[in-house]
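Student: Structure file structure18.cif (mmCIF, C-alpha atoms) is given on the next line.
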```
data_structure
#
loop_
_atom_site.label_atom_id
_atom_site.label_comp_id
_atom_site.auth_asym_id
_atom_site.auth_seq_id
_atom_site.Cartn_x
_atom_site.Cartn_y
_atom_site.Cartn_z
CA MET A 1 108.01 148.46 100.50
CA SER A 2 107.97 149.11 96.73
CA GLU A 3 107.83 146.24 94.26
CA ASN A 4 109.93 146.17 91.12
CA VAL A 5 107.99 144.98 88.06
CA ILE A 6 111.07 145.30 85.82
CA LYS A 7 114.71 144.69 86.73
CA VAL A 8 117.54 145.15 84.24
CA SER A 9 121.17 144.42 85.12
CA ASN A 10 124.21 144.91 82.85
CA LEU A 11 122.12 144.53 79.70
CA VAL A 12 124.13 144.29 76.47
CA LYS A 13 122.97 143.96 72.87
CA SER A 14 125.68 143.74 70.22
CA TYR A 15 125.58 143.63 66.44
CA SER A 16 128.99 142.45 65.23
CA ASP A 17 131.34 145.01 66.80
CA VAL A 18 128.62 147.59 67.57
CA ARG A 19 127.01 147.70 71.03
CA ALA A 20 123.49 149.08 70.57
CA VAL A 21 122.93 148.63 74.31
CA ASP A 22 126.07 148.83 76.39
CA GLY A 23 125.78 147.44 79.91
CA ILE A 24 122.76 149.35 81.23
CA SER A 25 120.97 148.72 84.56
CA PHE A 26 117.70 150.08 85.91
CA SER A 27 114.49 149.01 87.65
CA ILE A 28 110.85 150.09 87.45
CA GLU A 29 108.48 150.09 90.41
CA ARG A 30 104.87 148.99 90.25
CA GLY A 31 102.57 151.91 89.42
CA GLU A 32 105.24 154.31 88.16
CA VAL A 33 105.90 155.84 84.77
CA PHE A 34 109.55 155.32 83.83
CA SER A 35 110.80 157.08 80.72
CA ILE A 36 113.87 156.28 78.64
CA LEU A 37 115.07 159.41 76.86
CA GLY A 38 117.63 159.77 74.16
CA PRO A 39 118.35 160.90 70.60
CA ASN A 40 117.68 158.62 67.64
CA GLY A 41 120.05 155.65 67.76
CA ALA A 42 120.53 155.84 71.53
CA GLY A 43 119.33 152.25 72.06
CA LYS A 44 115.86 153.01 73.45
CA THR A 45 113.81 150.82 71.10
CA THR A 46 116.31 147.95 71.26
CA THR A 47 116.06 148.00 75.06
CA VAL A 48 112.26 147.97 74.98
CA GLU A 49 112.12 145.15 72.43
CA ILE A 50 114.36 143.03 74.67
CA LEU A 51 112.02 143.65 77.60
CA GLU A 52 109.03 142.76 75.42
CA GLY A 53 110.69 139.48 74.42
CA VAL A 54 110.73 140.23 70.69
CA ARG A 55 114.53 140.62 70.56
CA ASN A 56 117.19 138.49 72.25
CA ARG A 57 119.93 140.06 74.36
CA THR A 58 123.64 139.39 74.04
CA SER A 59 124.23 139.30 77.81
CA GLY A 60 122.95 140.60 81.12
CA ASP A 61 119.91 139.82 83.25
CA VAL A 62 116.33 140.94 82.52
CA GLN A 63 113.26 140.27 84.66
CA VAL A 64 109.73 141.38 83.74
CA LEU A 65 107.16 140.51 86.42
CA GLY A 66 109.72 138.05 87.75
CA GLN A 67 110.15 136.26 84.41
CA ASP A 68 112.78 136.24 81.69
CA PRO A 69 111.01 137.68 78.60
CA GLU A 70 113.34 135.71 76.34
CA LYS A 71 112.02 132.43 77.77
CA SER A 72 108.52 133.13 79.05
CA ARG A 73 105.49 132.55 76.83
CA SER A 74 102.94 133.79 79.36
CA LEU A 75 104.12 137.42 79.55
CA VAL A 76 102.16 138.28 76.41
CA PHE A 77 99.00 138.01 78.52
CA LYS A 78 100.35 140.37 81.22
CA VAL A 79 101.86 143.24 79.21
CA GLY A 80 100.53 145.73 76.69
CA ILE A 81 102.62 147.00 73.79
CA LEU A 82 102.36 150.09 71.60
CA PRO A 83 105.23 149.72 69.11
CA GLN A 84 106.96 152.58 67.36
CA ASP A 85 105.22 153.53 64.08
CA PHE A 86 102.05 151.59 64.98
CA SER A 87 99.80 150.66 62.06
CA PHE A 88 96.90 148.31 61.40
CA VAL A 89 94.83 146.82 58.55
CA TYR A 90 93.59 149.87 56.65
CA ASN A 91 89.94 148.92 56.18
CA SER A 92 89.49 147.62 59.75
CA THR A 93 87.58 149.73 62.27
CA PRO A 94 88.66 150.27 65.90
CA LYS A 95 85.83 148.00 67.06
CA GLU A 96 86.92 145.22 64.69
CA ALA A 97 90.55 145.61 65.74
CA LEU A 98 89.63 145.41 69.44
CA ASP A 99 87.39 142.37 68.82
CA PHE A 100 90.27 140.63 67.05
CA TYR A 101 92.74 141.36 69.86
CA LYS A 102 90.22 140.33 72.51
CA GLY A 103 89.77 136.94 70.86
CA THR A 104 93.49 136.43 70.25
CA LEU A 105 94.41 137.24 73.86
CA ARG A 106 91.39 135.43 75.33
CA ALA A 107 90.60 138.63 77.24
CA SER A 108 87.42 139.61 79.06
CA SER A 109 87.75 143.40 78.82
CA ASP A 110 84.84 145.75 78.23
CA LEU A 111 85.73 147.11 74.79
CA HIS A 112 83.31 150.04 75.03
CA GLU A 113 85.03 151.06 78.27
CA ILE A 114 88.44 150.95 76.54
CA LEU A 115 87.19 153.06 73.62
CA GLU A 116 85.86 155.61 76.12
CA MET A 117 89.16 155.62 78.01
CA VAL A 118 91.12 156.53 74.87
CA GLU A 119 88.37 158.87 73.60
CA LEU A 120 87.59 156.85 70.45
CA GLU A 121 84.01 155.79 71.14
CA ASP A 122 82.67 158.09 68.37
CA LYS A 123 85.19 156.60 65.88
CA SER A 124 84.54 152.94 66.64
CA SER A 125 83.16 152.28 63.13
CA THR A 126 85.61 154.46 61.19
CA PRO A 127 88.09 152.60 58.91
CA PHE A 128 91.70 152.84 60.09
CA GLN A 129 92.86 154.78 57.03
CA LYS A 130 90.33 157.54 57.76
CA LEU A 131 91.53 158.11 61.33
CA SER A 132 93.81 161.07 62.06
CA GLY A 133 97.39 160.47 63.24
CA GLY A 134 96.41 161.03 66.85
CA GLN A 135 93.39 158.75 66.57
CA LYS A 136 95.55 155.97 65.11
CA GLN A 137 97.89 156.24 68.10
CA LYS A 138 94.86 156.15 70.42
CA LEU A 139 93.79 152.93 68.73
CA GLY A 140 97.27 151.54 69.34
CA LEU A 141 96.90 152.44 73.01
CA ALA A 142 93.45 150.85 73.10
CA LEU A 143 94.80 147.59 71.67
CA SER A 144 97.59 147.57 74.28
CA LEU A 145 94.89 147.66 76.99
CA VAL A 146 92.69 144.78 75.78
CA ASN A 147 94.25 142.22 78.15
CA ASN A 148 94.19 144.62 81.16
CA PRO A 149 98.01 144.50 81.34
CA GLU A 150 100.11 145.01 84.44
CA ILE A 151 102.80 146.80 82.40
CA LEU A 152 102.51 149.00 79.33
CA PHE A 153 105.40 149.45 76.88
CA LEU A 154 104.84 152.69 74.95
CA ASP A 155 107.57 153.25 72.36
CA GLU A 156 107.52 156.84 71.02
CA PRO A 157 103.71 157.06 71.37
CA THR A 158 103.49 160.65 70.09
CA SER A 159 106.20 160.62 67.43
CA GLY A 160 105.20 162.63 64.38
CA LEU A 161 101.99 164.00 65.90
CA ASP A 162 101.05 167.67 65.92
CA PRO A 163 101.07 169.45 69.33
CA ARG A 164 97.30 169.12 69.84
CA ALA A 165 97.25 165.39 69.09
CA ARG A 166 100.32 164.90 71.29
CA ARG A 167 98.57 166.54 74.23
CA ASN A 168 95.52 164.33 73.70
CA ILE A 169 97.74 161.25 73.99
CA TRP A 170 99.35 162.71 77.12
CA LYS A 171 95.89 163.01 78.65
CA VAL A 172 95.24 159.32 78.02
CA ILE A 173 98.62 158.30 79.48
CA LYS A 174 97.98 160.43 82.57
CA GLY A 175 94.67 158.60 83.00
CA LEU A 176 96.44 155.23 82.79
CA LYS A 177 99.00 156.42 85.33
CA ASP A 178 96.21 157.54 87.68
CA ALA A 179 94.66 154.09 87.26
CA GLY A 180 97.86 152.57 88.66
CA LYS A 181 99.37 151.13 85.47
CA SER A 182 103.13 150.58 85.35
CA ILE A 183 104.40 152.26 82.18
CA LEU A 184 107.71 152.20 80.34
CA LEU A 185 107.73 155.18 77.98
CA THR A 186 110.40 155.91 75.41
CA THR A 187 110.45 159.35 73.85
CA HIS A 188 112.68 162.04 72.42
CA TYR A 189 110.24 164.74 73.51
CA LEU A 190 111.71 166.02 76.77
CA GLU A 191 108.59 167.98 77.67
CA GLU A 192 106.65 164.71 77.44
CA ALA A 193 108.93 162.94 79.90
CA GLU A 194 109.04 165.90 82.28
CA LEU A 195 105.24 166.00 82.35
CA LEU A 196 104.46 162.27 82.57
CA ALA A 197 107.38 160.41 84.13
CA ASP A 198 108.10 159.72 87.79
CA ARG A 199 111.69 158.83 86.88
CA VAL A 200 113.76 159.01 83.71
CA ALA A 201 116.92 157.44 82.33
CA ILE A 202 118.87 159.38 79.72
CA MET A 203 120.51 157.14 77.10
CA ASN A 204 123.15 158.03 74.56
CA LYS A 205 125.00 155.60 72.30
CA GLY A 206 123.79 152.57 74.23
CA LYS A 207 124.66 153.83 77.72
CA ILE A 208 122.61 155.40 80.51
CA ILE A 209 124.39 158.67 81.28
CA ASP A 210 122.11 159.74 84.14
CA SER A 211 118.85 158.73 85.79
CA GLY A 212 116.49 159.90 88.51
CA ARG A 213 113.45 162.11 88.95
CA PRO A 214 113.30 164.82 86.26
CA MET A 215 113.83 167.67 88.74
CA GLU A 216 116.73 165.81 90.37
CA ILE A 217 118.49 165.63 87.01
CA VAL A 218 117.78 169.31 86.35
CA GLU A 219 119.13 170.18 89.80
CA ARG A 220 122.35 168.21 89.19
CA HIS A 221 123.11 169.67 85.77
CA HIS A 222 121.37 173.03 85.41
CA GLU A 223 123.29 176.24 84.88
CA ASP A 224 122.54 179.40 86.87
CA ASP A 225 118.93 180.46 87.29
CA ASN A 226 117.83 183.92 86.22
CA LEU A 227 115.34 186.48 87.46
CA ILE A 228 113.91 188.54 84.62
CA ILE A 229 112.43 191.96 85.46
CA ARG A 230 110.76 194.50 83.20
CA GLY A 231 112.18 197.77 84.48
CA ASP A 232 113.49 201.21 83.58
CA GLY A 233 116.77 202.99 84.23
CA GLU A 234 115.91 203.56 87.90
CA VAL A 235 115.57 199.80 88.48
CA GLU A 236 118.85 199.31 86.67
CA ARG A 237 120.52 201.91 88.93
CA LEU A 238 119.20 200.24 92.08
CA LEU A 239 120.38 196.81 90.98
CA THR A 240 123.84 198.21 90.27
CA ALA A 241 123.93 199.90 93.68
CA GLY A 242 122.93 196.61 95.33
CA GLY A 243 125.78 194.75 93.66
CA PHE A 244 123.56 192.42 91.62
CA LEU A 245 124.91 191.02 88.35
CA PHE A 246 122.59 191.58 85.40
CA HIS A 247 122.38 192.63 81.79
CA ARG A 248 119.68 194.31 79.76
CA GLU A 249 117.74 192.52 77.02
CA GLY A 250 115.47 195.12 75.45
CA ALA A 251 112.89 196.21 78.03
CA TYR A 252 113.98 193.47 80.43
CA LEU A 253 116.79 193.05 82.95
CA LYS A 254 118.18 189.54 83.28
CA ILE A 255 119.71 188.95 86.71
CA ASN A 256 121.99 186.00 87.36
CA LEU A 257 121.11 184.03 90.51
CA LYS A 258 123.52 181.91 92.52
CA SER A 259 120.53 180.44 94.38
CA ILE A 260 116.75 180.46 93.95
CA LYS A 261 116.57 182.21 97.34
CA ASP A 262 118.36 185.21 95.79
CA ALA A 263 115.20 185.99 93.80
CA THR A 264 113.25 186.78 96.98
CA GLU A 265 116.07 188.96 98.25
CA ILE A 266 116.17 190.98 95.02
CA ILE A 267 112.40 191.48 94.82
CA ASN A 268 112.26 192.57 98.48
CA TYR A 269 115.21 194.90 97.89
CA LEU A 270 113.39 196.61 95.00
CA TYR A 271 110.05 196.82 96.87
CA GLU A 272 111.71 198.42 99.89
CA ARG A 273 113.15 201.10 97.62
CA LYS A 274 109.81 201.59 95.85
CA ALA A 275 111.29 200.69 92.49
CA ALA A 276 108.86 200.93 89.58
CA PHE A 277 108.94 197.58 87.76
CA GLU A 278 106.01 196.09 85.90
CA ASP A 279 106.51 192.35 86.20
CA PHE A 280 109.07 189.66 86.86
CA THR A 281 109.56 185.96 86.17
CA LEU A 282 111.94 183.28 87.36
CA LYS A 283 113.70 181.37 84.55
CA ARG A 284 115.00 177.93 85.45
CA GLU A 285 116.30 175.43 82.91
CA SER A 286 114.00 172.61 81.84
CA LEU A 287 114.90 168.95 81.46
CA GLU A 288 115.21 169.62 77.72
CA ASP A 289 117.76 172.41 78.30
CA VAL A 290 119.85 170.09 80.48
CA PHE A 291 119.48 167.13 78.09
CA VAL A 292 120.62 169.10 75.04
CA ARG A 293 123.70 170.36 76.88
CA MET A 294 124.56 166.91 78.29
CA ILE A 295 124.32 165.16 74.91
CA GLY A 296 126.17 168.01 73.20
CA ALA A 297 128.97 167.94 75.77
CA ILE A 298 129.46 164.20 75.28
CA GLU A 299 129.64 164.56 71.50
CA GLU A 300 132.14 167.43 71.80
CA ASP A 301 134.37 165.35 74.14
CA GLU A 302 134.32 162.42 71.73
CA SER A 303 135.24 164.61 68.75
CA GLU A 304 138.38 165.99 70.44
#
```
Just give me the structure as structure tokens.
Tutor:
Amino acid sequence: MSENVIKVSNLVKSYSDVRAVDGISFSIERGEVFSILGPNGAGKTTTVEILEGVRNRTSGDVQVLGQDPEKSRSLVFKVGILPQDFSFVYNSTPKEALDFYKGTLRASSDLHEILEMVELEDKSSTPFQKLSGGQKQKLGLALSLVNNPEILFLDEPTSGLDPRARRNIWKVIKGLKDAGKSILLTTHYLEEAELLADRVAIMNKGKIIDSGRPMEIVERHHEDDNLIIRGDGEVERLLTAGGFLFHREGAYLKINLKSIKDATEIINYLYERKAAFEDFTLKRESLEDVFVRMIGAIEEDESE
């Protein structure tokens, strides 16, 4: 039976007459990566800060490792935090930063092992200001691991990084996931959540508008799939004769599919008739495609 390390029920955070978090509920199982997605201002960071115990809630129930983060003083020794826009003392080195955190948290971690884990061992004596953006984020991750936490809170860990640096951070997070860490990840990069998360919750304007495994959400909200074939006029004639709906886009024919199984039927149909086509690919919407349409649809409804 799975164990929940985080339980959130009807969480509300209000500022005057504005609800930054508006009655959300979710849980996170031990050993899973749970990602909160949403545009800027959705309430992601506010939610995480409440779970971390650095911000008080207006109402609702929150449990982190069975404790209320608003009241517990011992959770700091059991969780690791990488805040949004992480920074550190400019002339401090990664080794000095880790030594400081180790002493503060009374930890017994092997700091060399942590530096290796985040691929910073060759930068251990480099001043913070001379580290690249990706290396600074890796240091933030390293500091969040000093106390060997049960849960990691990673708030926009790759925000502002170039694609190469972002993928390096993903590699580190995958390693932490493989090591069995429970991770709460907030991000506005949908590819990041699709790649790393076991489950996601999509937030918009303080509310969770859907949640589940990434492919479950895609399955619920995706539009028709398409089979794309590079083919000549003969292929076009055969598709027309077979009653398949398609349209041409340059050298390619884009065929609308009612079901993924239709793709096999079409390819077999063309092979049986010895149609000359060079290649084909199946195009299914990504989590990002679905997310953009869901958020856009909500904003259009509210503007009417």
Student: Show me a table, sorted first by chain and then by increasing residue number, of the residues of region 26-77 of chain A having an atom at most 8 Å from region 157-181 of chain A, each with its shortest atom pair and the distance in Å to one decimal, counting all atoms listed in the file and written as a tab-separated table.
Tutor:
```
residue	atom	partner	partner_atom	distance
A:Arg30	CA	A:Lys181	CA	7.6
A:Gly31	CA	A:Gly180	CA	4.8
A:Glu32	CA	A:Lys177	CA	7.2
A:Val33	CA	A:Lys177	CA	6.9
```
Student: So that I have them on file, write out the residues from the current selection with C-alpha atoms, as a PDB file, keeping the file's coordinate frame.
Tutor:
```
ATOM      1  CA  ARG A  30     104.870 148.990  90.250  1.00  0.00           C
ATOM      2  CA  GLY A  31     102.570 151.910  89.420  1.00  0.00           C
ATOM      3  CA  GLU A  32     105.240 154.310  88.160  1.00  0.00           C
ATOM      4  CA  VAL A  33     105.900 155.840  84.770  1.00  0.00           C
TER       5      VAL A  33
END
```
Student: Can you tell me which residues surround Val76 (chain A) at a distance of at most 12 Å, considering only C-alpha atoms, apart from same-chain residues fewer than 4 positions away, and format the answer as a ChimeraX atom specification?
Tutor: /A:51-54,64-65,67,69-72,80-81,101,104-107,144-153
Student: I need the residue set behind the PyMOL selection byres ((chain A and resi 199) around 9) for this file; please write it as a list in words.
Tutor: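 Residues picked by the PyMOL selection byres ((chain A and resi 199) around 9): Ile28, Glu32, Val33, Phe34, Ser35, Ile36, Ala193, Glu194, Ala197, Asp198, Val200, Ala201, Ser211, Gly212, Arg213 and Pro214 of chain A.
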Student: List, as a JSON list (two decimals) with C-alpha atoms, in the coordinates of the input, every residue that the PyMOL selection byres ((chain A and resi 7-9) around 6) selects in the file provided.
Tutor:
```json
[["chain", "number", "residue", "atom", "x", "y", "z"],
["A", 6, "ILE", "CA", 111.07, 145.30, 85.82],
["A", 10, "ASN", "CA", 124.21, 144.91, 82.85],
["A", 11, "LEU", "CA", 122.12, 144.53, 79.70],
["A", 25, "SER", "CA", 120.97, 148.72, 84.56],
["A", 26, "PHE", "CA", 117.70, 150.08, 85.91],
["A", 27, "SER", "CA", 114.49, 149.01, 87.65],
["A", 60, "GLY", "CA", 122.95, 140.60, 81.12],
["A", 61, "ASP", "CA", 119.91, 139.82, 83.25],
["A", 62, "VAL", "CA", 116.33, 140.94, 82.52],
["A", 63, "GLN", "CA", 113.26, 140.27, 84.66]]
```
Student: Any idea what the distance is between CA of Lys95 (chain A) and CA of Leu139 (chain A)?
Tutor: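 Taking CA of Lys95 (chain A) as the start and CA of Leu139 (chain A) as the end point, the length is 9.5 Å.
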Student: Please write as a PyMOL selection string the full residue list that the PyMOL selection byres ((chain A and resi 287) around 8) yields on this file.
Tutor: chain A and resi 190-191+194+214-215+217-218+285-286+288-291
Student: Please determine the residues with any atom at most 12 Å from (122.9, 180.6, 83.7) (coordinates as given in the file, with all atoms listed in the file counting) and report them as an MDAnalysis selection string.
Tutor: chainID A and resid 221:227 245:246 254:260 282:285 289:290
Student: Distance CA of Ile228 (chain A)-CA of Phe244 (chain A), one decimal place?
Tutor: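 Computing the Euclidean distance for CA of Ile228 (chain A) and CA of Phe244 (chain A) yields 12.5 Å.
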Student: Give me the residues within 8 Å of Gly231 (chain A) as a list in words, counting all atoms listed in the file and dropping any in the same chain fewer than 2 places off.
Tutor: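 These residues fall inside the cut-off: Ile229, Gly233, Glu234, Val235, Glu236, Ala251, Tyr252, Leu253, Ala276, Phe277 and Glu278 of chain A.
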Student: Once all heavy atoms are restored for region 235-246 of chain A, what would the output be as a PDB file, in the coordinates of the input?
Tutor:
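Final file, rebuild-v4.pdb:
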```pdb
ATOM      1  N   VAL A 235     115.393 201.169  87.988  1.00  0.00           N
ATOM      2  CA  VAL A 235     115.570 199.800  88.480  1.00  0.00           C
ATOM      3  C   VAL A 235     116.997 199.336  88.198  1.00  0.00           C
ATOM      4  O   VAL A 235     117.639 198.719  89.051  1.00  0.00           O
ATOM      5  CB  VAL A 235     114.558 198.850  87.801  1.00  0.00           C
ATOM      6  CG1 VAL A 235     114.817 197.394  88.211  1.00  0.00           C
ATOM      7  CG2 VAL A 235     113.133 199.244  88.147  1.00  0.00           C
ATOM      8  N   GLU A 236     117.486 199.675  87.038  1.00  0.00           N
ATOM      9  CA  GLU A 236     118.850 199.310  86.670  1.00  0.00           C
ATOM     10  C   GLU A 236     119.855 199.931  87.635  1.00  0.00           C
ATOM     11  O   GLU A 236     120.817 199.283  88.082  1.00  0.00           O
ATOM     12  CB  GLU A 236     119.116 199.772  85.230  1.00  0.00           C
ATOM     13  CG  GLU A 236     120.369 199.208  84.619  1.00  0.00           C
ATOM     14  CD  GLU A 236     120.441 199.473  83.123  1.00  0.00           C
ATOM     15  OE1 GLU A 236     119.415 199.835  82.512  1.00  0.00           O
ATOM     16  OE2 GLU A 236     121.552 199.299  82.574  1.00  0.00           O
ATOM     17  N   ARG A 237     119.616 201.209  88.000  1.00  0.00           N
ATOM     18  CA  ARG A 237     120.520 201.910  88.930  1.00  0.00           C
ATOM     19  C   ARG A 237     120.505 201.241  90.302  1.00  0.00           C
ATOM     20  O   ARG A 237     121.555 201.042  90.921  1.00  0.00           O
ATOM     21  CB  ARG A 237     120.098 203.376  89.049  1.00  0.00           C
ATOM     22  CG  ARG A 237     121.054 204.214  89.909  1.00  0.00           C
ATOM     23  CD  ARG A 237     120.492 205.588  90.191  1.00  0.00           C
ATOM     24  NE  ARG A 237     119.308 205.521  91.060  1.00  0.00           N
ATOM     25  CZ  ARG A 237     119.371 205.314  92.370  1.00  0.00           C
ATOM     26  NH1 ARG A 237     120.541 205.133  92.969  1.00  0.00           N
ATOM     27  NH2 ARG A 237     118.272 205.283  93.074  1.00  0.00           N
ATOM     28  N   LEU A 238     119.309 200.871  90.772  1.00  0.00           N
ATOM     29  CA  LEU A 238     119.200 200.240  92.080  1.00  0.00           C
ATOM     30  C   LEU A 238     119.884 198.875  92.118  1.00  0.00           C
ATOM     31  O   LEU A 238     120.535 198.510  93.104  1.00  0.00           O
ATOM     32  CB  LEU A 238     117.720 200.096  92.463  1.00  0.00           C
ATOM     33  CG  LEU A 238     116.993 201.388  92.840  1.00  0.00           C
ATOM     34  CD1 LEU A 238     115.496 201.148  92.952  1.00  0.00           C
ATOM     35  CD2 LEU A 238     117.547 201.949  94.151  1.00  0.00           C
ATOM     36  N   LEU A 239     119.736 198.120  91.035  1.00  0.00           N
ATOM     37  CA  LEU A 239     120.380 196.810  90.980  1.00  0.00           C
ATOM     38  C   LEU A 239     121.902 196.951  90.995  1.00  0.00           C
ATOM     39  O   LEU A 239     122.612 196.178  91.650  1.00  0.00           O
ATOM     40  CB  LEU A 239     119.932 196.051  89.731  1.00  0.00           C
ATOM     41  CG  LEU A 239     118.482 195.555  89.725  1.00  0.00           C
ATOM     42  CD1 LEU A 239     118.124 194.973  88.359  1.00  0.00           C
ATOM     43  CD2 LEU A 239     118.259 194.512  90.812  1.00  0.00           C
ATOM     44  N   THR A 240     122.399 197.953  90.285  1.00  0.00           N
ATOM     45  CA  THR A 240     123.840 198.210  90.270  1.00  0.00           C
ATOM     46  C   THR A 240     124.321 198.590  91.661  1.00  0.00           C
ATOM     47  O   THR A 240     125.351 198.082  92.143  1.00  0.00           O
ATOM     48  CB  THR A 240     124.164 199.339  89.274  1.00  0.00           C
ATOM     49  OG1 THR A 240     123.737 198.948  87.964  1.00  0.00           O
ATOM     50  CG2 THR A 240     125.664 199.628  89.253  1.00  0.00           C
ATOM     51  N   ALA A 241     123.567 199.462  92.335  1.00  0.00           N
ATOM     52  CA  ALA A 241     123.930 199.900  93.680  1.00  0.00           C
ATOM     53  C   ALA A 241     123.913 198.738  94.675  1.00  0.00           C
ATOM     54  O   ALA A 241     124.708 198.707  95.626  1.00  0.00           O
ATOM     55  CB  ALA A 241     122.972 200.998  94.155  1.00  0.00           C
ATOM     56  N   GLY A 242     123.014 197.768  94.433  1.00  0.00           N
ATOM     57  CA  GLY A 242     122.930 196.610  95.330  1.00  0.00           C
ATOM     58  C   GLY A 242     123.950 195.538  95.040  1.00  0.00           C
ATOM     59  O   GLY A 242     124.025 194.535  95.754  1.00  0.00           O
ATOM     60  N   GLY A 243     124.731 195.716  93.979  1.00  0.00           N
ATOM     61  CA  GLY A 243     125.780 194.750  93.660  1.00  0.00           C
ATOM     62  C   GLY A 243     125.294 193.501  92.954  1.00  0.00           C
ATOM     63  O   GLY A 243     125.977 192.472  92.948  1.00  0.00           O
ATOM     64  N   PHE A 244     124.113 193.588  92.321  1.00  0.00           N
ATOM     65  CA  PHE A 244     123.560 192.420  91.620  1.00  0.00           C
ATOM     66  C   PHE A 244     124.061 192.372  90.184  1.00  0.00           C
ATOM     67  O   PHE A 244     124.120 193.398  89.499  1.00  0.00           O
ATOM     68  CB  PHE A 244     122.036 192.471  91.633  1.00  0.00           C
ATOM     69  CG  PHE A 244     121.446 192.472  93.016  1.00  0.00           C
ATOM     70  CD1 PHE A 244     120.869 193.625  93.539  1.00  0.00           C
ATOM     71  CD2 PHE A 244     121.487 191.329  93.806  1.00  0.00           C
ATOM     72  CE1 PHE A 244     120.324 193.632  94.815  1.00  0.00           C
ATOM     73  CE2 PHE A 244     120.949 191.333  95.086  1.00  0.00           C
ATOM     74  CZ  PHE A 244     120.365 192.486  95.595  1.00  0.00           C
ATOM     75  N   LEU A 245     124.421 191.195  89.717  1.00  0.00           N
ATOM     76  CA  LEU A 245     124.910 191.020  88.350  1.00  0.00           C
ATOM     77  C   LEU A 245     123.724 190.854  87.400  1.00  0.00           C
ATOM     78  O   LEU A 245     122.848 190.021  87.636  1.00  0.00           O
ATOM     79  CB  LEU A 245     125.808 189.791  88.255  1.00  0.00           C
ATOM     80  CG  LEU A 245     127.092 189.821  89.083  1.00  0.00           C
ATOM     81  CD1 LEU A 245     127.825 188.497  88.962  1.00  0.00           C
ATOM     82  CD2 LEU A 245     127.984 190.974  88.643  1.00  0.00           C
ATOM     83  N   PHE A 246     123.697 191.649  86.341  1.00  0.00           N
ATOM     84  CA  PHE A 246     122.590 191.580  85.400  1.00  0.00           C
ATOM     85  C   PHE A 246     123.029 192.156  84.062  1.00  0.00           C
ATOM     86  O   PHE A 246     124.089 192.788  83.938  1.00  0.00           O
ATOM     87  CB  PHE A 246     121.378 192.386  85.937  1.00  0.00           C
ATOM     88  CG  PHE A 246     121.620 193.868  85.997  1.00  0.00           C
ATOM     89  CD1 PHE A 246     121.279 194.691  84.927  1.00  0.00           C
ATOM     90  CD2 PHE A 246     122.210 194.448  87.117  1.00  0.00           C
ATOM     91  CE1 PHE A 246     121.517 196.054  84.974  1.00  0.00           C
ATOM     92  CE2 PHE A 246     122.448 195.806  87.170  1.00  0.00           C
ATOM     93  CZ  PHE A 246     122.098 196.615  86.095  1.00  0.00           C
TER      94      PHE A 246
END
```
